[in-house]
file start.cif (mmCIF, C-alpha atoms)
data_entry
#
loop_
_atom_site.label_atom_id
_atom_site.label_comp_id
_atom_site.auth_asym_id
_atom_site.auth_seq_id
_atom_site.Cartn_x
_atom_site.Cartn_y
_atom_site.Cartn_z
CA MET A 1 8.03 2.98 14.59
CA LYS A 2 4.59 1.90 13.48
CA LEU A 3 3.87 -1.44 15.12
CA PHE A 4 0.95 -3.59 14.02
CA LEU A 5 -0.02 -6.59 16.14
CA ILE A 6 -2.06 -9.13 14.22
CA ARG A 7 -3.72 -12.24 15.61
CA HIS A 8 -3.79 -15.19 13.23
CA ALA A 9 -6.96 -15.96 11.29
CA GLU A 10 -9.51 -18.57 12.32
CA ALA A 11 -7.95 -22.04 12.24
CA ILE A 12 -9.35 -25.54 12.41
CA ASP A 13 -10.00 -26.51 16.00
CA TYR A 14 -10.12 -30.25 15.56
CA GLU A 15 -7.82 -33.10 14.71
CA THR A 16 -7.77 -34.55 11.24
CA GLU A 17 -5.90 -37.47 9.75
CA SER A 18 -2.91 -35.22 9.06
CA VAL A 19 -3.31 -32.65 11.86
CA ARG A 20 -2.51 -34.23 15.19
CA THR A 21 -0.95 -31.32 17.07
CA ASP A 22 -1.75 -27.68 17.75
CA GLU A 23 1.32 -26.57 15.77
CA LEU A 24 -0.11 -28.06 12.55
CA ARG A 25 -3.51 -26.34 12.68
CA PHE A 26 -4.17 -24.34 9.49
CA ILE A 27 -6.52 -21.47 8.73
CA THR A 28 -10.01 -22.14 7.46
CA PRO A 29 -11.52 -20.70 4.26
CA LYS A 30 -13.66 -18.45 6.50
CA GLY A 31 -10.53 -17.29 8.33
CA ARG A 32 -8.78 -16.58 5.04
CA LYS A 33 -11.79 -14.56 3.80
CA ILE A 34 -12.11 -12.51 7.01
CA SER A 35 -8.40 -11.72 7.20
CA THR A 36 -8.35 -10.69 3.53
CA THR A 37 -11.29 -8.35 4.17
CA VAL A 38 -9.60 -6.90 7.28
CA PHE A 39 -6.30 -6.30 5.47
CA LYS A 40 -8.10 -4.65 2.54
CA SER A 41 -9.96 -2.40 4.98
CA LEU A 42 -6.68 -1.38 6.62
CA LYS A 43 -4.69 -1.14 3.39
CA ASP A 44 -3.99 2.58 3.81
CA TYR A 45 -2.36 1.91 7.19
CA LEU A 46 -0.52 -1.26 6.19
CA MET A 47 0.76 -0.31 2.72
CA ASP A 48 4.08 1.04 3.98
CA LEU A 49 5.04 -2.06 5.98
CA ASP A 50 8.79 -2.52 5.95
CA LYS A 51 8.84 -5.89 7.71
CA VAL A 52 6.45 -8.72 8.57
CA PHE A 53 7.43 -11.16 11.31
CA THR A 54 5.32 -14.21 12.06
CA SER A 55 5.18 -17.03 14.56
CA PRO A 56 6.42 -20.25 12.95
CA LEU A 57 3.10 -22.02 13.56
CA ILE A 58 1.24 -22.78 10.32
CA ARG A 59 -1.87 -20.71 11.06
CA ALA A 60 0.23 -17.61 11.76
CA VAL A 61 2.44 -18.13 8.70
CA GLN A 62 -0.65 -18.54 6.51
CA THR A 63 -2.17 -15.35 7.95
CA ALA A 64 1.08 -13.48 7.26
CA GLU A 65 1.01 -14.80 3.70
CA VAL A 66 -2.58 -13.55 3.27
CA LEU A 67 -1.40 -10.16 4.56
CA ALA A 68 1.54 -10.13 2.11
CA SER A 69 -0.62 -11.22 -0.80
CA THR A 70 -3.38 -8.71 -0.06
CA LEU A 71 -0.92 -5.83 0.19
CA LYS A 72 1.29 -7.04 -2.67
CA TYR A 73 4.12 -6.92 -0.12
CA LYS A 74 7.43 -7.01 -1.98
CA HIS A 75 9.65 -8.40 0.79
CA ASP A 76 9.98 -11.76 2.52
CA VAL A 77 7.84 -12.65 5.50
CA GLU A 78 10.22 -13.70 8.27
CA VAL A 79 9.58 -16.34 10.91
CA ALA A 80 10.38 -15.18 14.46
CA ASN A 81 10.51 -17.74 17.26
CA GLU A 82 9.90 -14.86 19.68
CA LEU A 83 6.25 -14.97 18.55
CA LEU A 84 5.66 -18.60 19.53
CA LEU A 85 2.90 -19.41 22.03
CA ASN A 86 5.42 -19.41 24.89
CA GLY A 87 7.06 -16.14 23.76
CA SER A 88 7.53 -13.23 26.11
CA VAL A 89 7.12 -9.47 25.90
CA ALA A 90 10.83 -9.05 26.72
CA LYS A 91 11.91 -11.28 23.81
CA VAL A 92 9.61 -9.46 21.37
CA ALA A 93 10.90 -6.09 22.63
CA GLN A 94 14.45 -7.32 21.90
CA LEU A 95 13.34 -8.38 18.39
CA LEU A 96 11.96 -4.88 17.78
CA LYS A 97 15.10 -3.23 19.16
CA ARG A 98 17.24 -5.33 16.77
CA ASN A 99 15.10 -4.10 13.87
CA THR A 100 14.99 -0.34 14.40
CA VAL A 101 16.07 0.13 10.80
CA PHE A 102 12.42 -0.48 9.88
CA ASN A 103 9.79 2.25 10.25
CA SER A 104 6.76 -0.05 10.12
CA ILE A 105 6.58 -3.64 11.39
CA ALA A 106 3.76 -6.18 11.61
CA LEU A 107 3.89 -9.05 14.10
CA VAL A 108 1.57 -12.00 13.43
CA GLY A 109 1.00 -14.22 16.43
CA HIS A 110 -1.26 -15.82 19.00
CA GLU A 111 -3.21 -15.16 22.15
CA PRO A 112 -2.44 -14.59 24.95
CA LEU A 113 0.93 -13.18 23.80
CA ILE A 114 -0.63 -10.59 21.45
CA SER A 115 -2.69 -9.08 24.30
CA LEU A 116 0.33 -9.19 26.60
CA LEU A 117 2.27 -7.25 23.97
CA ILE A 118 -0.34 -4.47 24.02
CA GLU A 119 0.02 -4.16 27.79
CA GLY A 120 3.80 -4.60 27.80
CA LEU A 121 4.73 -2.43 24.82
CA SER A 122 2.19 0.39 25.08
CA ASP A 123 0.45 2.73 27.46
CA LYS A 124 -2.78 0.66 27.19
CA LYS A 125 -2.68 -1.38 30.40
CA GLU A 126 -6.22 -2.73 30.43
CA PRO A 127 -7.55 -3.22 26.89
CA ASN A 128 -11.31 -2.61 26.59
CA PHE A 129 -11.65 -5.21 23.83
CA GLN A 130 -11.03 -8.87 23.18
CA PHE A 131 -8.24 -9.53 20.67
CA LYS A 132 -10.19 -11.73 18.28
CA LYS A 133 -8.80 -13.78 15.42
CA SER A 134 -7.82 -11.62 12.43
CA GLY A 135 -7.71 -8.65 14.81
CA VAL A 136 -5.25 -5.82 14.21
CA CYS A 137 -3.85 -3.34 16.73
CA TYR A 138 -1.70 -0.31 15.97
CA ILE A 139 0.88 1.08 18.41
CA GLU A 140 3.22 4.01 17.76
CA PHE A 141 6.28 2.33 19.30
CA ASP A 142 9.57 3.82 20.48
CA PRO A 143 12.12 0.96 20.45
CA ASP A 144 14.66 2.99 22.43
CA LYS A 145 12.21 3.40 25.30
CA GLY A 146 10.67 -0.03 24.77
CA LEU A 147 7.24 1.57 25.05
CA GLY A 148 4.67 3.01 22.70
CA ILE A 149 1.36 4.80 22.49
CA PHE A 150 -1.68 2.67 21.74
CA GLN A 151 -3.52 4.11 18.73
CA TRP A 152 -6.35 1.69 17.95
CA PHE A 153 -7.70 -1.82 17.64
CA TYR A 154 -9.75 -2.56 14.52
CA ASP A 155 -12.99 -4.45 15.18
CA TYR A 156 -13.80 -6.01 11.83
CA LYS A 157 -17.34 -6.99 12.84
CA THR A 158 -18.34 -3.36 13.30
CA SER A 159 -15.65 -1.84 11.03
CA GLN A 160 -14.78 0.51 13.88
CA TYR A 161 -11.56 1.55 15.55
CA ILE A 162 -11.50 1.04 19.31
CA LYS A 163 -9.27 3.53 21.12
#
call {"tool": "encode", "arguments": {"input": "start.cif", "output": "structure tokens"}}
result
Amino acid sequence: MKLFLIRHAEAIDYETESVRTDELRFITPKGRKISTTVFKSLKDYLMDLDKVFTSPLIRAVQTAEVLASTLKYKHDVEVANELLLNGSVAKVAQLLKRNTVFNSIALVGHEPLISLLIEGLSDKKEPNFQFKKSGVCYIEFDPDKGLGIFQWFYDYKTSQYIK
């Protein structure tokens, strides 16, 4: 299974009149622009996505919607509580195991869980990069073994793949 881990786009980091909690933070115009650029750059890899799961937090849902819109994704984006801030690698592994019918899955979530997923679901135990906002990682994942092979992390600032 192709597994893409995606960190949500840049979100507001301050309180507003209507945003009083972390859960309500939304992505900024800059975050939307960067994530659109990243998804366009990775379109050849992401075009065959069968399923997109996202954390229920607004900034992750909005990032998943940007992904779907950019790719002209024809299916629904599904909220997965396993991708919440307090999620665990074990719960995400169970989510993947329940969805082995899909050949290509994207998970949109948050740090530190996204980095923990790299270490817990792949052979990459000490990533040599920081998983920045709008970052994308690709793992060739075997749901039966619960482990995959790290392929790359896309650094949008340099347009390079870190292996």
call {"tool": "closest_residue", "arguments": {"input": "start.cif", "among": "A:Lys132, A:His110, A:Lys145, A:Lys124", "to": "A:Pro56", "atoms": "all atoms listed in the file"}}
result
A:His110
call {"tool": "residues_around", "arguments": {"input": "start.cif", "residues": "A:Leu116", "least_positions_apart": "2", "cutoff": "12 Å", "atoms": "all atoms listed in the file", "output": "ChimeraX atom specification"}}
result
/A:5,83,85-90,92-93,109-114,118-127,130-131
call {"tool": "resolve_selection", "arguments": {"input": "start.cif", "expression": "the PyMOL selection byres ((chain A and resi 24-40) around 8)", "output": "NGL selection string"}}
result
:A and (9-13 or 19-23 or 41-43 or 46 or 57-59 or 62-63 or 66-67 or 70-71 or 134-135 or 156)
call {"tool": "write_last_selection", "arguments": {"input": "start.cif", "atoms": "C-alpha atoms", "output": "PDB file, in the coordinates of the input"}}
result
ATOM      1  CA  ALA A   9      -6.960 -15.960  11.290  1.00  0.00           C
ATOM      2  CA  GLU A  10      -9.510 -18.570  12.320  1.00  0.00           C
ATOM      3  CA  ALA A  11      -7.950 -22.040  12.240  1.00  0.00           C
ATOM      4  CA  ILE A  12      -9.350 -25.540  12.410  1.00  0.00           C
ATOM      5  CA  ASP A  13     -10.000 -26.510  16.000  1.00  0.00           C
ATOM      6  CA  VAL A  19      -3.310 -32.650  11.860  1.00  0.00           C
ATOM      7  CA  ARG A  20      -2.510 -34.230  15.190  1.00  0.00           C
ATOM      8  CA  THR A  21      -0.950 -31.320  17.070  1.00  0.00           C
ATOM      9  CA  ASP A  22      -1.750 -27.680  17.750  1.00  0.00           C
ATOM     10  CA  GLU A  23       1.320 -26.570  15.770  1.00  0.00           C
ATOM     11  CA  SER A  41      -9.960  -2.400   4.980  1.00  0.00           C
ATOM     12  CA  LEU A  42      -6.680  -1.380   6.620  1.00  0.00           C
ATOM     13  CA  LYS A  43      -4.690  -1.140   3.390  1.00  0.00           C
ATOM     14  CA  LEU A  46      -0.520  -1.260   6.190  1.00  0.00           C
ATOM     15  CA  LEU A  57       3.100 -22.020  13.560  1.00  0.00           C
ATOM     16  CA  ILE A  58       1.240 -22.780  10.320  1.00  0.00           C
ATOM     17  CA  ARG A  59      -1.870 -20.710  11.060  1.00  0.00           C
ATOM     18  CA  GLN A  62      -0.650 -18.540   6.510  1.00  0.00           C
ATOM     19  CA  THR A  63      -2.170 -15.350   7.950  1.00  0.00           C
ATOM     20  CA  VAL A  66      -2.580 -13.550   3.270  1.00  0.00           C
ATOM     21  CA  LEU A  67      -1.400 -10.160   4.560  1.00  0.00           C
ATOM     22  CA  THR A  70      -3.380  -8.710  -0.060  1.00  0.00           C
ATOM     23  CA  LEU A  71      -0.920  -5.830   0.190  1.00  0.00           C
ATOM     24  CA  SER A 134      -7.820 -11.620  12.430  1.00  0.00           C
ATOM     25  CA  GLY A 135      -7.710  -8.650  14.810  1.00  0.00           C
ATOM     26  CA  TYR A 156     -13.800  -6.010  11.830  1.00  0.00           C
TER      27      TYR A 156
END
call {"tool": "residues_near_point", "arguments": {"input": "start.cif", "point": "(-11.1, -3.6, 22.3)", "cutoff": "8 Å", "atoms": "all atoms listed in the file", "output": "list of chain:residue names"}}
result
A:Pro127, A:Asn128, A:Phe129, A:Gln130, A:Phe131, A:Phe153, A:Tyr154, A:Asp155, A:Ile162, A:Lys163
call {"tool": "residues_around", "arguments": {"input": "start.cif", "residues": "A:Leu3", "least_positions_apart": "4", "cutoff": "10 Å", "atoms": "only C-alpha atoms", "output": "PDB file with C-alpha atoms, keeping the file's coordinate frame"}}
result
ATOM      1  CA  LEU A  46      -0.520  -1.260   6.190  1.00  0.00           C
ATOM      2  CA  LEU A  49       5.040  -2.060   5.980  1.00  0.00           C
ATOM      3  CA  LYS A  51       8.840  -5.890   7.710  1.00  0.00           C
ATOM      4  CA  LEU A  96      11.960  -4.880  17.780  1.00  0.00           C
ATOM      5  CA  ASN A 103       9.790   2.250  10.250  1.00  0.00           C
ATOM      6  CA  SER A 104       6.760  -0.050  10.120  1.00  0.00           C
ATOM      7  CA  ILE A 105       6.580  -3.640  11.390  1.00  0.00           C
ATOM      8  CA  ALA A 106       3.760  -6.180  11.610  1.00  0.00           C
ATOM      9  CA  LEU A 107       3.890  -9.050  14.100  1.00  0.00           C
ATOM     10  CA  LEU A 121       4.730  -2.430  24.820  1.00  0.00           C
ATOM     11  CA  CYS A 137      -3.850  -3.340  16.730  1.00  0.00           C
ATOM     12  CA  TYR A 138      -1.700  -0.310  15.970  1.00  0.00           C
ATOM     13  CA  ILE A 139       0.880   1.080  18.410  1.00  0.00           C
ATOM     14  CA  GLU A 140       3.220   4.010  17.760  1.00  0.00           C
ATOM     15  CA  PHE A 141       6.280   2.330  19.300  1.00  0.00           C
ATOM     16  CA  ASP A 142       9.570   3.820  20.480  1.00  0.00           C
ATOM     17  CA  GLY A 148       4.670   3.010  22.700  1.00  0.00           C
ATOM     18  CA  ILE A 149       1.360   4.800  22.490  1.00  0.00           C
ATOM     19  CA  PHE A 150      -1.680   2.670  21.740  1.00  0.00           C
ATOM     20  CA  GLN A 151      -3.520   4.110  18.730  1.00  0.00           C
TER      21      GLN A 151
END
